[in-house]
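Here is the file work.pdb (PDB, C-alpha atoms).
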```pdb
MODEL        1
ATOM      1  CA  MET A   1       0.000   0.000   0.000
ATOM      2  CA  THR A   2       2.743   2.472   0.978
ATOM      3  CA  LEU A   3       4.706   1.600  -2.155
ATOM      4  CA  SER A   4       1.604   2.307  -4.255
ATOM      5  CA  LEU A   5       1.239   5.744  -2.671
ATOM      6  CA  ILE A   6       4.899   6.562  -3.257
ATOM      7  CA  ILE A   7       4.632   5.518  -6.921
ATOM      8  CA  LEU A   8       1.447   7.569  -7.326
ATOM      9  CA  GLU A   9       3.131  10.615  -5.788
ATOM     10  CA  ILE A  10       6.144  10.216  -8.101
ATOM     11  CA  LEU A  11       3.829   9.993 -11.101
ATOM     12  CA  LEU A  12       1.840  13.058 -10.016
ATOM     13  CA  VAL A  13       4.935  15.141  -9.316
ATOM     14  CA  GLY A  14       6.460  13.977 -12.578
ATOM     15  CA  ALA A  15       3.309  15.134 -14.353
ATOM     16  CA  GLY A  16       3.588  18.563 -12.715
ATOM     17  CA  GLN A  17       0.919  17.865 -10.125
ATOM     18  CA  THR A  18       1.203  17.807  -6.380
ATOM     19  CA  ARG A  19      -0.890  16.376  -3.612
ATOM     20  CA  PRO A  20      -3.735  18.664  -2.604
ATOM     21  CA  ALA A  21      -2.990  20.806   0.413
ATOM     22  CA  PRO A  22      -4.766  19.818   3.601
ATOM     23  CA  ALA A  23      -8.016  21.628   4.284
ATOM     24  CA  THR A  24      -7.480  24.955   6.006
ATOM     25  CA  CYS A  25      -9.777  27.211   8.001
ATOM     26  CA  VAL A  26      -8.783  30.860   7.600
ATOM     27  CA  VAL A  27     -10.117  33.192  10.278
ATOM     28  CA  THR A  28     -10.172  36.949   9.788
ATOM     29  CA  GLY A  29     -11.700  39.427  12.191
ATOM     30  CA  PRO A  30     -13.233  38.720  15.566
ATOM     31  CA  ALA A  31     -14.211  35.099  16.223
ATOM     32  CA  VAL A  32     -14.211  32.257  18.702
ATOM     33  CA  VAL A  33     -13.034  29.058  17.028
ATOM     34  CA  PHE A  34     -13.742  25.625  18.524
ATOM     35  CA  TYR A  35     -11.451  22.974  17.024
ATOM     36  CA  SER A  36     -11.787  19.239  17.472
ATOM     37  CA  PRO A  37     -11.155  15.961  15.643
ATOM     38  CA  THR A  38     -13.292  14.923  12.694
ATOM     39  CA  ALA A  39     -16.121  12.460  13.300
ATOM     40  CA  ALA A  40     -13.960   9.603  12.007
ATOM     41  CA  GLU A  41     -11.046  10.667  14.226
ATOM     42  CA  ARG A  42     -13.397  10.897  17.216
ATOM     43  CA  ASP A  43     -14.699   7.377  16.569
ATOM     44  CA  SER A  44     -11.160   6.041  16.339
ATOM     45  CA  ILE A  45     -10.121   7.796  19.560
ATOM     46  CA  ILE A  46     -13.192   6.510  21.404
ATOM     47  CA  ARG A  47     -12.522   2.932  20.207
ATOM     48  CA  ALA A  48      -8.918   3.193  21.407
ATOM     49  CA  ASP A  49      -9.399   5.132  24.645
ATOM     50  CA  GLY A  50     -12.939   4.320  25.731
ATOM     51  CA  LEU A  51     -15.955   6.165  26.986
ATOM     52  CA  ASP A  52     -13.998   8.854  28.833
ATOM     53  CA  GLN A  53     -13.093  10.349  25.464
ATOM     54  CA  ALA A  54     -16.705  10.137  24.292
ATOM     55  CA  GLU A  55     -17.736  12.074  27.389
ATOM     56  CA  LEU A  56     -15.002  14.651  26.717
ATOM     57  CA  PHE A  57     -16.297  15.235  23.189
ATOM     58  CA  ASP A  58     -19.900  15.464  24.424
ATOM     59  CA  ASP A  59     -18.890  18.041  27.044
ATOM     60  CA  PHE A  60     -16.910  19.999  24.446
ATOM     61  CA  ASP A  61     -19.882  20.062  22.053
ATOM     62  CA  TYR A  62     -22.170  21.092  24.914
ATOM     63  CA  SER A  63     -19.857  24.012  25.818
ATOM     64  CA  ALA A  64     -19.813  25.143  22.198
ATOM     65  CA  GLY A  65     -23.605  25.085  22.112
ATOM     66  CA  LYS A  66     -23.903  27.046  25.361
ATOM     67  CA  ALA A  67     -21.363  29.598  24.132
ATOM     68  CA  ALA A  68     -23.196  30.160  20.835
ATOM     69  CA  ALA A  69     -26.032  32.268  22.305
ATOM     70  CA  PHE A  70     -23.629  34.291  24.458
ATOM     71  CA  LEU A  71     -21.377  35.029  21.465
ATOM     72  CA  LYS A  72     -24.295  35.828  19.174
ATOM     73  CA  GLY A  73     -25.525  38.411  21.698
ATOM     74  CA  ARG A  74     -22.143  40.123  21.459
ATOM     75  CA  ASN A  75     -21.860  39.860  17.667
ATOM     76  CA  ILE A  76     -18.824  37.588  17.914
ATOM     77  CA  PRO A  77     -18.862  34.851  15.271
ATOM     78  CA  LEU A  78     -18.536  31.243  16.406
ATOM     79  CA  LYS A  79     -16.675  28.828  14.148
ATOM     80  CA  LEU A  80     -16.578  25.064  14.599
ATOM     81  CA  THR A  81     -13.894  23.241  12.684
ATOM     82  CA  SER A  82     -12.105  19.936  12.430
ATOM     83  CA  VAL A  83      -9.800  20.822   9.534
ATOM     84  CA  PRO A  84      -6.116  19.972   9.949
ATOM     85  CA  ILE A  85      -4.867  23.584   9.728
ATOM     86  CA  ILE A  86      -6.299  26.769  11.204
ATOM     87  CA  VAL A  87      -4.824  30.132  10.177
ATOM     88  CA  VAL A  88      -5.799  33.193  12.190
ATOM     89  CA  GLN A  89      -5.010  36.501  10.522
ATOM     90  CA  TYR A  90      -4.634  39.556  12.723
ATOM     91  CA  GLY A  91      -3.049  42.986  12.857
ATOM     92  CA  GLN A  92      -1.117  44.278   9.897
ATOM     93  CA  LYS A  93      -0.477  41.177   7.781
ATOM     94  CA  LYS A  94       0.286  38.883  10.723
ATOM     95  CA  SER A  95      -0.995  35.360  11.116
ATOM     96  CA  ARG A  96      -0.816  32.453  13.503
ATOM     97  CA  THR A  97      -1.112  28.896  12.242
ATOM     98  CA  LEU A  98      -2.315  25.983  14.333
ATOM     99  CA  GLU A  99      -1.820  22.475  13.029
ATOM    100  CA  ARG A 100      -4.332  20.351  14.939
ATOM    101  CA  ALA A 101      -1.993  17.361  14.913
ATOM    102  CA  LYS A 102       0.642  19.444  16.747
ATOM    103  CA  ALA A 103      -1.742  21.296  19.079
ATOM    104  CA  PRO A 104      -1.303  20.964  22.849
ATOM    105  CA  ASP A 105      -4.639  19.099  23.066
ATOM    106  CA  ILE A 106      -6.994  17.339  20.629
ATOM    107  CA  ILE A 107      -9.704  19.907  21.357
ATOM    108  CA  GLY A 108      -9.516  23.589  22.103
ATOM    109  CA  ILE A 109     -10.636  27.114  21.492
ATOM    110  CA  ILE A 110      -9.027  30.073  19.764
ATOM    111  CA  LEU A 111     -10.088  33.613  20.628
ATOM    112  CA  THR A 112      -9.275  36.324  18.107
ATOM    113  CA  ASP A 113     -10.281  39.936  17.764
ATOM    114  CA  GLY A 114      -8.571  40.354  14.395
ATOM    115  CA  ALA A 115      -6.188  42.969  15.733
ATOM    116  CA  GLN A 116      -4.030  41.363  18.411
ATOM    117  CA  GLU A 117      -2.296  38.018  18.952
ATOM    118  CA  PRO A 118      -4.967  35.275  19.202
ATOM    119  CA  ARG A 119      -5.394  33.384  22.469
ATOM    120  CA  LEU A 120      -5.279  29.581  22.386
ATOM    121  CA  ILE A 121      -7.164  27.690  25.099
ATOM    122  CA  PRO A 122      -6.253  24.004  24.786
ATOM    123  CA  GLY A 123      -8.521  21.332  26.183
ATOM    124  CA  LEU A 124     -11.953  21.496  27.703
ATOM    125  CA  VAL A 125     -13.275  24.495  29.613
ATOM    126  CA  THR A 126     -16.736  24.917  31.064
ATOM    127  CA  ASP A 127     -19.120  27.337  29.417
ATOM    128  CA  GLU A 128     -18.760  29.636  32.473
ATOM    129  CA  GLU A 129     -14.953  29.627  32.140
ATOM    130  CA  LEU A 130     -15.252  30.320  28.429
ATOM    131  CA  ILE A 131     -17.614  33.253  28.991
ATOM    132  CA  THR A 132     -15.122  34.756  31.455
ATOM    133  CA  GLU A 133     -12.246  34.217  28.995
ATOM    134  CA  VAL A 134     -14.240  35.849  26.181
ATOM    135  CA  GLU A 135     -15.240  38.834  28.314
ATOM    136  CA  VAL A 136     -11.632  39.432  29.397
ATOM    137  CA  PHE A 137     -10.140  38.855  25.938
ATOM    138  CA  PHE A 138     -12.548  41.118  24.081
ATOM    139  CA  ARG A 139     -12.115  43.936  26.665
ATOM    140  CA  ARG A 140      -8.356  44.205  26.104
ATOM    141  CA  PRO A 141      -6.966  47.671  25.368
ATOM    142  CA  GLY A 142      -6.974  48.462  21.679
ATOM    143  CA  ASN A 143      -9.701  45.925  20.968
ATOM    144  CA  PRO A 144     -12.078  47.118  18.246
ATOM    145  CA  GLN A 145     -15.050  45.389  19.926
TER     146      GLN A 145
ENDMDL
END
```
The structure given in the file should be rewritten as structure tokens.
Amino acid sequence: MTLSLIILEILLVGAGQTRPAPATCVVTGPAVVFYSPTAAERDSIIRADGLDQAELFDDFDYSAGKAAAFLKGRNIPLKLTSVPIIVVQYGQKKSRTLERAKAPDIIGIILTDGAQEPRLIPGLVTDEELITEVEVFFRRPGNPQ
């Protein structure tokens, strides 16, 4: 199987083609981004690690749902993603890239106001903790919100 993939890649590169880039989520402007594994990745993790992981994902999804109304009331977009790469653009032509596979945790949240360095919150936080984080982050000096 691996040999077949290598041969295919050689043929594609030789024909002037490359492998498609991994899917990327590009975030511009204010947003709260929830990142987590894909459904297939979640299933695989749950099979390997058991019900504790299933509960973690359920709690994470619940927090995202609870945060949605709070964020909507403050006109802060909520993005849910499971793509491999997340690029947050901010300030004058700056960006921060998060590769999910290299992230500190398999789930997490990114806060961005589009102007200053984004804040990464790895792992699970309660909806109350998230609301506090959002209120503090979006009140920072120089924040356009």
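Distances to A:Gln89 were evaluated for A:Gln116, A:Gln53, A:Ser63, A:Thr126 using all atoms listed in the file, and the minimum falls at A:Gln116.
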Quote the spacing between atom CA of A:Tyr90 and atom CA of A:Ala115 in Å to one decimal place. 4.8 Å
Pull out every residue that the PyMOL selection byres ((chain A and resi 97-106) around 7) matches in the shown coordinates and put them as JSON, numbers by chain. {"A": [36, 37, 84, 85, 86, 87, 88, 95, 96, 107, 108, 122, 123]}
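Our summary of the geometry notes that atom CA of A:Phe138 is positioned 9.5 Å from atom CA of A:Ile76.
Atom to atom, atom CA of A:Gly65 and atom CA of A:Ala23 stand 23.9 Å apart.
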May I have the residues within 12 Å of A:Ala40 as an MDAnalysis selection string, using all atoms listed in the file and disregarding those fewer than 6 positions away in the same chain? chainID A and resid 46:47 82
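Distances here use all atoms listed in the file; by that measure, the residue among A:Phe34, A:Gly73, A:Thr112, A:Ala48 closest to A:Gly91 is A:Thr112.
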Would you list the residues near (-13.2, 35.4, 14.6), meaning any protein, DNA or RNA residue with an atom at most 8 Å from that point in file coordinates, counting all atoms listed in the file, as a PyMOL selection string? chain A and resi 27-33+76-79+111-114
